[in-house]
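*Asks:* To be precise about what I am sending: the file is called coords-v5.pdb and holds PDB, C-alpha atoms and all ligand atoms.
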ATOM      1  CA  MET A   1      23.239   2.232 -24.655  1.00  0.00           C
ATOM      2  CA  ILE A   2      24.905  -0.790 -23.016  1.00  0.00           C
ATOM      3  CA  TRP A   3      22.753  -3.030 -20.817  1.00  0.00           C
ATOM      4  CA  CYS A   4      23.543  -6.261 -19.062  1.00  0.00           C
ATOM      5  CA  ASP A   5      21.697  -9.336 -20.386  1.00  0.00           C
ATOM      6  CA  GLU A   6      19.125  -9.171 -17.571  1.00  0.00           C
ATOM      7  CA  GLU A   7      18.276  -5.510 -18.178  1.00  0.00           C
ATOM      8  CA  ALA A   8      18.035  -6.028 -21.956  1.00  0.00           C
ATOM      9  CA  ALA A   9      15.680  -8.999 -21.447  1.00  0.00           C
ATOM     10  CA  LEU A  10      13.474  -7.104 -18.968  1.00  0.00           C
ATOM     11  CA  ARG A  11      13.223  -4.046 -21.234  1.00  0.00           C
ATOM     12  CA  GLY A  12      12.273  -6.283 -24.155  1.00  0.00           C
ATOM     13  CA  ALA A  13       9.653  -8.143 -22.096  1.00  0.00           C
ATOM     14  CA  ILE A  14       8.010  -4.853 -20.998  1.00  0.00           C
ATOM     15  CA  CYS A  15       7.718  -3.726 -24.648  1.00  0.00           C
ATOM     16  CA  GLN A  16       6.220  -7.099 -25.628  1.00  0.00           C
ATOM     17  CA  VAL A  17       3.628  -7.045 -22.836  1.00  0.00           C
ATOM     18  CA  ALA A  18       2.668  -3.425 -23.608  1.00  0.00           C
ATOM     19  CA  ARG A  19       2.104  -4.454 -27.231  1.00  0.00           C
ATOM     20  CA  MET A  20       0.001  -7.459 -26.140  1.00  0.00           C
ATOM     21  CA  ALA A  21      -2.107  -5.220 -23.877  1.00  0.00           C
ATOM     22  CA  TYR A  22      -2.788  -2.905 -26.821  1.00  0.00           C
ATOM     23  CA  ASP A  23      -3.524  -5.795 -29.203  1.00  0.00           C
ATOM     24  CA  LYS A  24      -5.995  -7.278 -26.709  1.00  0.00           C
ATOM     25  CA  GLY A  25      -7.798  -3.959 -26.292  1.00  0.00           C
ATOM     26  CA  PHE A  26      -6.807  -3.536 -22.649  1.00  0.00           C
ATOM     27  CA  ILE A  27      -5.552   0.001 -23.376  1.00  0.00           C
ATOM     28  CA  THR A  28      -5.790   2.746 -25.962  1.00  0.00           C
ATOM     29  CA  ASN A  29      -2.336   3.447 -27.287  1.00  0.00           C
ATOM     30  CA  VAL A  30      -1.028   5.923 -24.714  1.00  0.00           C
ATOM     31  CA  ASP A  31      -2.849   4.412 -21.710  1.00  0.00           C
ATOM     32  CA  GLY A  32      -1.567   1.897 -19.227  1.00  0.00           C
ATOM     33  CA  ASN A  33       1.807   1.387 -17.621  1.00  0.00           C
ATOM     34  CA  PHE A  34       3.969  -1.659 -17.088  1.00  0.00           C
ATOM     35  CA  SER A  35       6.974  -2.141 -14.823  1.00  0.00           C
ATOM     36  CA  VAL A  36       9.425  -4.704 -13.475  1.00  0.00           C
ATOM     37  CA  ARG A  37      11.761  -4.670 -10.503  1.00  0.00           C
ATOM     38  CA  PHE A  38      15.384  -4.466 -11.581  1.00  0.00           C
ATOM     39  CA  GLY A  39      18.005  -5.581  -9.063  1.00  0.00           C
ATOM     40  CA  ASN A  40      17.502  -4.709  -5.392  1.00  0.00           C
ATOM     41  CA  ASP A  41      16.685  -1.031  -5.711  1.00  0.00           C
ATOM     42  CA  GLY A  42      15.478  -0.326  -9.241  1.00  0.00           C
ATOM     43  CA  ILE A  43      12.325  -0.343 -11.351  1.00  0.00           C
ATOM     44  CA  LEU A  44      12.084  -0.331 -15.151  1.00  0.00           C
ATOM     45  CA  ILE A  45       8.823   1.338 -16.229  1.00  0.00           C
ATOM     46  CA  THR A  46       7.070   2.420 -19.413  1.00  0.00           C
ATOM     47  CA  PRO A  47       7.333   6.147 -20.262  1.00  0.00           C
ATOM     48  CA  ALA A  48       4.567   8.762 -20.110  1.00  0.00           C
ATOM     49  CA  GLY A  49       2.763   9.798 -23.275  1.00  0.00           C
ATOM     50  CA  LEU A  50       4.317   7.415 -25.813  1.00  0.00           C
ATOM     51  CA  PRO A  51       2.299   4.870 -27.848  1.00  0.00           C
ATOM     52  CA  LYS A  52       2.536   1.565 -25.995  1.00  0.00           C
ATOM     53  CA  ALA A  53       2.192  -0.562 -29.132  1.00  0.00           C
ATOM     54  CA  PHE A  54       5.442   0.757 -30.578  1.00  0.00           C
ATOM     55  CA  LEU A  55       7.732   1.067 -27.557  1.00  0.00           C
ATOM     56  CA  THR A  56      11.389   0.212 -28.011  1.00  0.00           C
ATOM     57  CA  PRO A  57      13.648  -1.022 -25.168  1.00  0.00           C
ATOM     58  CA  ASP A  58      15.587   2.290 -25.022  1.00  0.00           C
ATOM     59  CA  GLN A  59      12.333   4.180 -24.252  1.00  0.00           C
ATOM     60  CA  ILE A  60      11.835   2.319 -20.959  1.00  0.00           C
ATOM     61  CA  THR A  61      12.764   4.493 -17.946  1.00  0.00           C
ATOM     62  CA  HIS A  62      14.970   3.305 -15.078  1.00  0.00           C
ATOM     63  CA  ILE A  63      13.800   4.704 -11.723  1.00  0.00           C
ATOM     64  CA  ASP A  64      14.612   4.010  -8.075  1.00  0.00           C
ATOM     65  CA  LEU A  65      12.136   2.671  -5.491  1.00  0.00           C
ATOM     66  CA  GLU A  66      11.002   6.237  -4.686  1.00  0.00           C
ATOM     67  CA  GLY A  67      10.183   6.987  -8.337  1.00  0.00           C
ATOM     68  CA  ASN A  68      13.242   9.176  -9.100  1.00  0.00           C
ATOM     69  CA  VAL A  69      14.768   8.790 -12.575  1.00  0.00           C
ATOM     70  CA  VAL A  70      18.103   6.939 -12.521  1.00  0.00           C
ATOM     71  CA  ALA A  71      18.661   6.644 -16.277  1.00  0.00           C
ATOM     72  CA  GLY A  72      16.811   7.282 -19.517  1.00  0.00           C
ATOM     73  CA  SER A  73      15.733  10.179 -21.666  1.00  0.00           C
ATOM     74  CA  THR A  74      11.982   9.576 -21.230  1.00  0.00           C
ATOM     75  CA  ARG A  75       9.665  10.712 -18.425  1.00  0.00           C
ATOM     76  CA  PRO A  76       8.332   7.809 -16.322  1.00  0.00           C
ATOM     77  CA  SER A  77       4.612   7.068 -16.396  1.00  0.00           C
ATOM     78  CA  SER A  78       2.409   9.652 -14.673  1.00  0.00           C
ATOM     79  CA  GLU A  79       0.971   6.784 -12.607  1.00  0.00           C
ATOM     80  CA  VAL A  80       4.398   5.794 -11.301  1.00  0.00           C
ATOM     81  CA  THR A  81       3.327   6.333  -7.668  1.00  0.00           C
ATOM     82  CA  MET A  82       0.880   3.409  -7.888  1.00  0.00           C
ATOM     83  CA  HIS A  83       3.791   1.146  -8.825  1.00  0.00           C
ATOM     84  CA  VAL A  84       6.025   2.546  -6.075  1.00  0.00           C
ATOM     85  CA  VAL A  85       3.312   2.022  -3.438  1.00  0.00           C
ATOM     86  CA  ALA A  86       2.505  -1.516  -4.645  1.00  0.00           C
ATOM     87  CA  TYR A  87       6.186  -2.611  -4.644  1.00  0.00           C
ATOM     88  CA  LYS A  88       6.623  -1.154  -1.136  1.00  0.00           C
ATOM     89  CA  GLU A  89       3.637  -3.145   0.137  1.00  0.00           C
ATOM     90  CA  ARG A  90       4.631  -6.338  -1.718  1.00  0.00           C
ATOM     91  CA  PRO A  91       8.449  -6.472  -1.896  1.00  0.00           C
ATOM     92  CA  GLU A  92       8.334 -10.115  -3.059  1.00  0.00           C
ATOM     93  CA  MET A  93       6.589  -9.138  -6.307  1.00  0.00           C
ATOM     94  CA  ARG A  94       8.687  -8.406  -9.400  1.00  0.00           C
ATOM     95  CA  ALA A  95       6.270  -6.878 -11.921  1.00  0.00           C
ATOM     96  CA  ILE A  96       3.129  -4.732 -12.238  1.00  0.00           C
ATOM     97  CA  CYS A  97       0.645  -4.220 -15.072  1.00  0.00           C
ATOM     98  CA  HIS A  98      -1.864  -1.376 -15.117  1.00  0.00           C
ATOM     99  CA  ALA A  99      -4.425  -1.106 -17.924  1.00  0.00           C
ATOM    100  CA  HIS A 100      -7.988   0.020 -18.649  1.00  0.00           C
ATOM    101  CA  PRO A 101      -9.740  -3.210 -19.776  1.00  0.00           C
ATOM    102  CA  LYS A 102     -13.216  -2.386 -21.128  1.00  0.00           C
ATOM    103  CA  HIS A 103     -15.534  -4.920 -19.510  1.00  0.00           C
ATOM    104  CA  ALA A 104     -13.856  -4.718 -16.111  1.00  0.00           C
ATOM    105  CA  VAL A 105     -13.944  -0.887 -16.067  1.00  0.00           C
ATOM    106  CA  ALA A 106     -17.575  -0.950 -17.234  1.00  0.00           C
ATOM    107  CA  PHE A 107     -18.451  -2.995 -14.138  1.00  0.00           C
ATOM    108  CA  THR A 108     -17.032  -0.281 -11.864  1.00  0.00           C
ATOM    109  CA  LEU A 109     -18.907   2.453 -13.783  1.00  0.00           C
ATOM    110  CA  ALA A 110     -22.143   0.525 -13.284  1.00  0.00           C
ATOM    111  CA  GLY A 111     -21.337   0.069  -9.583  1.00  0.00           C
ATOM    112  CA  LEU A 112     -21.192  -3.729  -9.991  1.00  0.00           C
ATOM    113  CA  SER A 113     -18.639  -5.659  -7.958  1.00  0.00           C
ATOM    114  CA  LEU A 114     -16.224  -8.284  -9.323  1.00  0.00           C
ATOM    115  CA  ASP A 115     -15.664  -9.400  -5.710  1.00  0.00           C
ATOM    116  CA  VAL A 116     -17.779 -12.509  -6.358  1.00  0.00           C
ATOM    117  CA  THR A 117     -17.234 -16.261  -6.297  1.00  0.00           C
ATOM    118  CA  VAL A 118     -18.465 -17.378  -9.697  1.00  0.00           C
ATOM    119  CA  ILE A 119     -15.690 -19.041 -11.759  1.00  0.00           C
ATOM    120  CA  PRO A 120     -14.039 -22.084 -10.119  1.00  0.00           C
ATOM    121  CA  GLU A 121     -10.496 -21.620 -11.483  1.00  0.00           C
ATOM    122  CA  VAL A 122     -10.494 -17.954 -10.425  1.00  0.00           C
ATOM    123  CA  VAL A 123     -11.628 -18.919  -6.899  1.00  0.00           C
ATOM    124  CA  VAL A 124      -8.738 -21.425  -6.671  1.00  0.00           C
ATOM    125  CA  THR A 125      -6.035 -19.038  -7.921  1.00  0.00           C
ATOM    126  CA  ILE A 126      -6.757 -15.404  -6.973  1.00  0.00           C
ATOM    127  CA  GLY A 127     -10.066 -15.748  -5.093  1.00  0.00           C
ATOM    128  CA  THR A 128     -12.103 -12.700  -6.068  1.00  0.00           C
ATOM    129  CA  ILE A 129     -11.367  -9.284  -7.602  1.00  0.00           C
ATOM    130  CA  PRO A 130     -11.635  -6.381  -5.100  1.00  0.00           C
ATOM    131  CA  THR A 131     -12.202  -2.732  -6.086  1.00  0.00           C
ATOM    132  CA  ALA A 132     -10.300   0.194  -4.568  1.00  0.00           C
ATOM    133  CA  PRO A 133     -12.366   3.354  -3.951  1.00  0.00           C
ATOM    134  CA  TYR A 134     -12.237   6.168  -6.505  1.00  0.00           C
ATOM    135  CA  GLY A 135      -9.226   8.465  -6.307  1.00  0.00           C
ATOM    136  CA  THR A 136      -8.531  11.547  -8.429  1.00  0.00           C
ATOM    137  CA  PRO A 137      -6.035  10.558 -11.153  1.00  0.00           C
ATOM    138  CA  GLY A 138      -2.649  12.259 -10.858  1.00  0.00           C
ATOM    139  CA  THR A 139      -2.982  12.802  -7.087  1.00  0.00           C
ATOM    140  CA  THR A 140      -1.878  10.705  -4.104  1.00  0.00           C
ATOM    141  CA  GLU A 141      -5.532   9.684  -3.512  1.00  0.00           C
ATOM    142  CA  LEU A 142      -5.260   6.900  -6.060  1.00  0.00           C
ATOM    143  CA  PRO A 143      -2.144   5.094  -4.790  1.00  0.00           C
ATOM    144  CA  GLU A 144      -3.364   5.469  -1.197  1.00  0.00           C
ATOM    145  CA  SER A 145      -6.760   3.955  -2.087  1.00  0.00           C
ATOM    146  CA  LEU A 146      -5.128   0.726  -3.251  1.00  0.00           C
ATOM    147  CA  ARG A 147      -2.432   0.413  -0.553  1.00  0.00           C
ATOM    148  CA  SER A 148      -4.412  -1.774   1.870  1.00  0.00           C
ATOM    149  CA  ILE A 149      -5.799  -3.985  -0.916  1.00  0.00           C
ATOM    150  CA  VAL A 150      -2.490  -4.856  -2.607  1.00  0.00           C
ATOM    151  CA  ARG A 151      -1.279  -6.130   0.780  1.00  0.00           C
ATOM    152  CA  CYS A 152      -3.794  -8.989   0.519  1.00  0.00           C
ATOM    153  CA  SER A 153      -4.435  -9.288  -3.222  1.00  0.00           C
ATOM    154  CA  ASP A 154      -2.415  -9.577  -6.455  1.00  0.00           C
ATOM    155  CA  VAL A 155      -5.321  -8.054  -8.404  1.00  0.00           C
ATOM    156  CA  VAL A 156      -7.302  -4.877  -7.847  1.00  0.00           C
ATOM    157  CA  MET A 157      -9.802  -2.816  -9.801  1.00  0.00           C
ATOM    158  CA  LEU A 158      -9.526   0.961  -9.440  1.00  0.00           C
ATOM    159  CA  ASP A 159     -13.001   2.479  -9.401  1.00  0.00           C
ATOM    160  CA  ARG A 160     -13.845   4.300 -12.684  1.00  0.00           C
ATOM    161  CA  HIS A 161     -10.299   3.815 -13.923  1.00  0.00           C
ATOM    162  CA  GLY A 162      -8.683   0.438 -14.549  1.00  0.00           C
ATOM    163  CA  ALA A 163      -7.002  -2.681 -13.251  1.00  0.00           C
ATOM    164  CA  LEU A 164      -3.702  -3.205 -11.467  1.00  0.00           C
ATOM    165  CA  THR A 165      -2.021  -6.602 -11.122  1.00  0.00           C
ATOM    166  CA  LEU A 166       1.137  -7.787  -9.405  1.00  0.00           C
ATOM    167  CA  GLY A 167       3.209 -10.773 -10.496  1.00  0.00           C
ATOM    168  CA  THR A 168       6.391 -12.714  -9.895  1.00  0.00           C
ATOM    169  CA  SER A 169       7.250 -11.787 -13.510  1.00  0.00           C
ATOM    170  CA  ILE A 170       5.771  -9.445 -16.127  1.00  0.00           C
ATOM    171  CA  ILE A 171       4.099 -12.427 -17.816  1.00  0.00           C
ATOM    172  CA  ASP A 172       2.578 -13.503 -14.474  1.00  0.00           C
ATOM    173  CA  ALA A 173       1.206  -9.962 -13.908  1.00  0.00           C
ATOM    174  CA  PHE A 174      -0.133  -9.859 -17.485  1.00  0.00           C
ATOM    175  CA  ARG A 175      -1.810 -13.257 -17.034  1.00  0.00           C
ATOM    176  CA  LYS A 176      -3.684 -11.850 -14.005  1.00  0.00           C
ATOM    177  CA  LEU A 177      -4.750  -8.824 -16.075  1.00  0.00           C
ATOM    178  CA  GLU A 178      -6.198 -11.260 -18.609  1.00  0.00           C
ATOM    179  CA  VAL A 179      -8.011 -13.124 -15.809  1.00  0.00           C
ATOM    180  CA  ILE A 180      -9.663  -9.890 -14.627  1.00  0.00           C
ATOM    181  CA  GLU A 181     -10.922  -8.932 -18.079  1.00  0.00           C
ATOM    182  CA  HIS A 182     -11.911 -12.512 -18.971  1.00  0.00           C
ATOM    183  CA  THR A 183     -13.917 -12.785 -15.745  1.00  0.00           C
ATOM    184  CA  ALA A 184     -15.635  -9.443 -16.368  1.00  0.00           C
ATOM    185  CA  GLU A 185     -16.459 -10.391 -19.961  1.00  0.00           C
ATOM    186  CA  ILE A 186     -17.948 -13.760 -18.940  1.00  0.00           C
ATOM    187  CA  LEU A 187     -19.962 -12.078 -16.175  1.00  0.00           C
ATOM    188  CA  TYR A 188     -21.179  -9.457 -18.643  1.00  0.00           C
ATOM    189  CA  TYR A 189     -22.502 -12.148 -21.006  1.00  0.00           C
ATOM    190  CA  ALA A 190     -23.930 -14.246 -18.162  1.00  0.00           C
ATOM    191  CA  ARG A 191     -25.821 -11.254 -16.762  1.00  0.00           C
ATOM    192  CA  THR A 192     -27.352 -10.516 -20.166  1.00  0.00           C
ATOM    193  CA  LEU A 193     -28.598 -14.117 -20.272  1.00  0.00           C
ATOM    194  CA  GLY A 194     -30.038 -14.256 -16.761  1.00  0.00           C
ATOM    195  CA  ALA A 195     -29.338 -14.135 -13.033  1.00  0.00           C
ATOM    196  CA  VAL A 196     -25.825 -15.105 -11.938  1.00  0.00           C
ATOM    197  CA  LYS A 197     -25.549 -17.343  -8.877  1.00  0.00           C
ATOM    198  CA  GLU A 198     -22.395 -17.337  -6.756  1.00  0.00           C
ATOM    199  CA  LEU A 199     -20.738 -20.605  -5.711  1.00  0.00           C
ATOM    200  CA  SER A 200     -21.908 -21.642  -2.227  1.00  0.00           C
ATOM    201  CA  PRO A 201     -19.502 -21.312   0.750  1.00  0.00           C
ATOM    202  CA  GLU A 202     -19.253 -25.128   0.795  1.00  0.00           C
ATOM    203  CA  GLU A 203     -18.304 -25.233  -2.906  1.00  0.00           C
ATOM    204  CA  VAL A 204     -15.773 -22.441  -2.335  1.00  0.00           C
ATOM    205  CA  ARG A 205     -14.255 -24.349   0.622  1.00  0.00           C
ATOM    206  CA  LYS A 206     -13.868 -27.471  -1.530  1.00  0.00           C
ATOM    207  CA  LEU A 207     -12.208 -25.470  -4.307  1.00  0.00           C
ATOM    208  CA  LEU A 208      -9.777 -23.790  -1.888  1.00  0.00           C
ATOM    209  CA  SER A 209      -8.832 -27.192  -0.441  1.00  0.00           C
ATOM    210  CA  THR A 210      -7.432 -28.138  -3.876  1.00  0.00           C
ATOM    211  CA  ARG A 211      -4.855 -25.302  -3.768  1.00  0.00           C
ATOM    212  CA  SER A 212      -2.306 -27.160  -1.703  1.00  0.00           C
ATOM    213  CA  PRO A 213      -2.471 -30.507  -3.607  1.00  0.00           C
ATOM    214  CA  LEU A 214      -2.323 -28.606  -6.916  1.00  0.00           C
ATOM    215  CA  GLY A 215       0.658 -26.561  -5.699  1.00  0.00           C
ATOM    216  CA  VAL A 216      -1.158 -23.214  -6.147  1.00  0.00           C
ATOM    217  CA  THR A 217       0.622 -20.558  -4.064  1.00  0.00           C
ATOM    218  CA  THR A 218      -0.774 -17.283  -5.451  1.00  0.00           C
ATOM    219  CA  LYS A 219      -2.099 -14.711  -2.987  1.00  0.00           C
ATOM    220  CA  ASN A 220      -5.822 -15.467  -2.659  1.00  0.00           C
ATOM    221  CA  THR A 221      -8.301 -12.833  -1.455  1.00  0.00           C
ATOM    222  CA  LEU A 222     -10.580 -15.450   0.135  1.00  0.00           C
ATOM    223  CA  CYS A 223      -7.704 -17.030   2.086  1.00  0.00           C
ATOM    224  CA  SER A 224      -6.359 -13.631   3.157  1.00  0.00           C
ATOM    225  CA  ARG A 225      -9.874 -12.333   3.999  1.00  0.00           C
ATOM    226  CA  CYS A 226      -9.210  -9.362   1.782  1.00  0.00           C
ATOM    227  CA  GLY A 227     -11.739  -6.556   2.038  1.00  0.00           C
ATOM    228  CA  GLY A 228     -13.795  -8.369   4.682  1.00  0.00           C
ATOM    229  CA  SER A 229     -16.662  -9.183   2.331  1.00  0.00           C
ATOM    230  CA  HIS A 230     -16.201 -12.951   2.645  1.00  0.00           C
ATOM    231  CA  GLU A 231     -16.156 -15.189   5.671  1.00  0.00           C
ATOM    232  CA  GLY A 232     -12.805 -16.713   6.553  1.00  0.00           C
ATOM    233  CA  TYR A 233     -11.780 -19.761   4.572  1.00  0.00           C
ATOM    234  CA  GLN A 234      -9.027 -22.205   5.470  1.00  0.00           C
ATOM    235  CA  CYS A 235      -6.379 -22.542   2.762  1.00  0.00           C
TER
HETATM  236 ZN    ZN B   1      -4.638   4.331 -15.689  1.00  0.00          ZN
END
Let's see the structure in the file written out as structure tokens.

*Replies:*
Amino acid sequence: MIWCDEEAALRGAICQVARMAYDKGFITNVDGNFSVRFGNDGILITPAGLPKAFLTPDQITHIDLEGNVVAGSTRPSSEVTMHVVAYKERPEMRAICHAHPKHAVAFTLAGLSLDVTVIPEVVVTIGTIPTAPYGTPGTTELPESLRSIVRCSDVVMLDRHGALTLGTSIIDAFRKLEVIEHTAEILYYARTLGAVKELSPEEVRKLLSTRSPLGVTTKNTLCSRCGGSHEGYQC
């Protein structure tokens, strides 16, 4: 198969990130799906049912923005509609990671929210981590449940299921996936040690005021008043 340099690099990067997600325990081997935008009207996405730790660039499927296969011998991920919906809502984003990170999913099973202001660097970059309501896997319920959240957030937990992150590149999306799981893991340990106190609105305001001087431009749930659970902050 002949690819241009850009397509070859993107296919390789998807395989690398899928391997990293497996190595970090964010997925069991056939779980998760990873995609990048390719050109103006294409998406390269991991295939359904194949072990993500051993993907090769030729196994990545090329689909259009509606999810139809353009090229490739593999079936696209069964969760392709989530990617299609997220790219439609956020056309400026170039990559999506979806995985089932253990601590973060455990929080949703226990009914505990990650939509909290607890870790300063997370408040500055992404704000908080919202959760989309439960949707039956394999149906349109799931993509529809996250549609309104991805408009105002680069990160979202899917109740009883996993995490979805959007990035300007596949590495950027993967970094946000790491932030979700790292936050959940820290919160898990903190809660076993004692009560966890959120940062005060004043402390949050001060943190958000550092975004502009630091050149932080990521979508921030506190600035975009995502989910309505926080009062409006100036960013
Ligand atoms: Zn999933």

*Asks:* As a quick test: using all atoms listed in the file, which residues lie no more than 8 Å away from ligand ZN 1 (chain B)? Give them as a list in words.

*Replies:*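 What falls inside 8 Å of ligand ZN 1 (chain B) is Asp31, Gly32, Asn33, Glu79, His98, Ala99, His100, Pro137, His161, Gly162 and Ala163 of chain A.
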
*Asks:* Show me, as a PDB file with C-alpha atoms, keeping the file's coordinate frame, the residues that have an atom within 10 Å of Lys102 in chain A when counting only C-alpha atoms, minus same-chain residues fewer than 3 positions from it.

*Replies:*
ATOM      1  CA  GLY A  25      -7.798  -3.959 -26.292  1.00  0.00           C
ATOM      2  CA  PHE A  26      -6.807  -3.536 -22.649  1.00  0.00           C
ATOM      3  CA  ILE A  27      -5.552   0.001 -23.376  1.00  0.00           C
ATOM      4  CA  ALA A  99      -4.425  -1.106 -17.924  1.00  0.00           C
ATOM      5  CA  VAL A 105     -13.944  -0.887 -16.067  1.00  0.00           C
ATOM      6  CA  ALA A 106     -17.575  -0.950 -17.234  1.00  0.00           C
ATOM      7  CA  PHE A 107     -18.451  -2.995 -14.138  1.00  0.00           C
ATOM      8  CA  HIS A 161     -10.299   3.815 -13.923  1.00  0.00           C
ATOM      9  CA  GLY A 162      -8.683   0.438 -14.549  1.00  0.00           C
ATOM     10  CA  GLU A 181     -10.922  -8.932 -18.079  1.00  0.00           C
ATOM     11  CA  ALA A 184     -15.635  -9.443 -16.368  1.00  0.00           C
ATOM     12  CA  GLU A 185     -16.459 -10.391 -19.961  1.00  0.00           C
TER      13      GLU A 185
END

*Asks:* For the file shown, report as a ChimeraX atom specification the outcome of the PyMOL selection byres (((chain A and resi 183) around 12) and not hetatm) at residue level.

*Replies:* /A:101-105,107,113-123,126-129,176-182,184-190

*Asks:* One decimal, in Å: what's the spacing between CA of Met82 in chain A and CA of Gly39 in chain A?

*Replies:*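 It comes out at 19.4 Å.
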
*Asks:* Please enumerate the residues selected by the PyMOL selection byres (((chain A and resi 133) around 9) and not hetatm) when evaluated against the supplied file, formatted as a list in words.

*Replies:* Thr131, Ala132, Tyr134, Gly135, Leu142, Ser145, Leu146, Met157, Leu158, Asp159 and Arg160 of chain A

*Asks:* Do a neighbour search on Gly12 in chain A at 9 Å with all atoms listed in the file, toss out local chain neighbours closer than 5 positions, and write the hits as a PDB file with C-alpha atoms, in the frame of the given file.

*Replies:*
ATOM      1  CA  GLU A   7      18.276  -5.510 -18.178  1.00  0.00           C
ATOM      2  CA  VAL A  17       3.628  -7.045 -22.836  1.00  0.00           C
ATOM      3  CA  THR A  56      11.389   0.212 -28.011  1.00  0.00           C
ATOM      4  CA  PRO A  57      13.648  -1.022 -25.168  1.00  0.00           C
TER       5      PRO A  57
END

*Asks:* Suppose you want the space between CA of Thr125 in chain A and CA of Thr221 in chain A; what is it in Å?

*Replies:*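 Going from CA of Thr125 in chain A over to CA of Thr221 in chain A covers 9.2 Å.
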
*Asks:* I'd like to see the residues matched by the PyMOL selection byres (((chain A and resi 46) around 7) and not hetatm) on this file, and ideally I'd get them as number ranges by chain.

*Replies:* A: 33-35, 45, 47-48, 60-61, 76-77

*Asks:* Select, from A:Gly215, A:Gly227, A:Gly167, A:Gly111, the residue with the minimum atom-to-atom distance to Ser148 in chain A, counting only C-alpha atoms.

*Replies:*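 Comparing A:Gly215, A:Gly227, A:Gly167, A:Gly111 against Ser148 in chain A, the winner is A:Gly227.
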
*Asks:* My list of candidates is A:Glu89, A:Asp58, A:Asp154, A:Asp41. Which is closest to Thr74 in chain A when distances are computed with all atoms listed in the file?

*Replies:*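 Going through A:Glu89, A:Asp58, A:Asp154, A:Asp41 one by one, the smallest distance to Thr74 in chain A is for A:Asp58.
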
*Asks:* Would you mind listing what lies within 8 Å of Ile170 in chain A as a ChimeraX atom specification, with all atoms listed in the file counted and same-chain residues fewer than 5 positions away left out?

*Replies:* /A:13-14,17,35-36,94-97

*Asks:* In Å, with one decimal, what is the gap from CA of Leu208 in chain A to CA of Tyr87 in chain A?

*Replies:*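 Calculated distance between CA of Leu208 in chain A and CA of Tyr87 in chain A is 26.7 Å.
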
*Asks:* Using only C-alpha atoms, which of the listed residues (A:Leu50, A:Ala86, A:Asn68, A:Arg75) sits closest to Glu144 in chain A?

*Replies:*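 Looking only at the distances to Glu144 in chain A, the closest residue turns out to be A:Ala86.
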
*Asks:* Pick the closest to Met93 in chain A from A:Val196, A:Ala21, A:Ile43, A:Cys4: which is it, counting all atoms listed in the file?

*Replies:*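 Nearest candidate to Met93 in chain A out of A:Val196, A:Ala21, A:Ile43, A:Cys4: A:Ile43.
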
*Asks:* When you count all atoms listed in the file, which of these residues is closest to Gln16 in chain A: A:Ala71, A:Ala53, A:Ile149, A:Ala173?

*Replies:* A:Ala53

*Asks:* Could you add whatever atoms are missing so that range 137-148 of chain A carries N, CA and C atoms, then write the result as a compact mmCIF listing (two decimals), keeping the file's coordinate frame?

*Replies:*
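selection-v3.txt, written as the output of this step:
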# COMPACT_ATOMS: atom_id res chain seq x y z
N PRO A 137 -7.27 10.90 -10.44
CA PRO A 137 -6.04 10.56 -11.15
C PRO A 137 -5.00 11.68 -11.03
N GLY A 138 -3.73 11.28 -10.92
CA GLY A 138 -2.65 12.26 -10.86
C GLY A 138 -2.41 12.80 -9.46
N THR A 139 -3.20 12.36 -8.47
CA THR A 139 -2.98 12.80 -7.09
C THR A 139 -2.57 11.59 -6.25
N THR A 140 -2.27 11.83 -4.96
CA THR A 140 -1.88 10.70 -4.10
C THR A 140 -3.10 9.91 -3.63
N GLU A 141 -4.32 10.42 -3.93
CA GLU A 141 -5.53 9.68 -3.51
C GLU A 141 -5.55 8.28 -4.09
N LEU A 142 -5.14 8.17 -5.36
CA LEU A 142 -5.26 6.90 -6.06
C LEU A 142 -4.33 5.83 -5.48
N PRO A 143 -3.01 6.10 -5.39
CA PRO A 143 -2.14 5.09 -4.79
C PRO A 143 -2.55 4.74 -3.36
N GLU A 144 -2.98 5.75 -2.59
CA GLU A 144 -3.36 5.47 -1.20
C GLU A 144 -4.60 4.59 -1.13
N SER A 145 -5.52 4.73 -2.12
CA SER A 145 -6.76 3.96 -2.09
C SER A 145 -6.49 2.47 -2.32
N LEU A 146 -5.37 2.14 -2.98
CA LEU A 146 -5.13 0.73 -3.25
C LEU A 146 -4.13 0.09 -2.29
N ARG A 147 -3.50 0.91 -1.43
CA ARG A 147 -2.43 0.41 -0.55
C ARG A 147 -2.88 -0.79 0.28
N SER A 148 -4.01 -0.68 0.97
CA SER A 148 -4.41 -1.77 1.87
C SER A 148 -4.84 -3.01 1.09
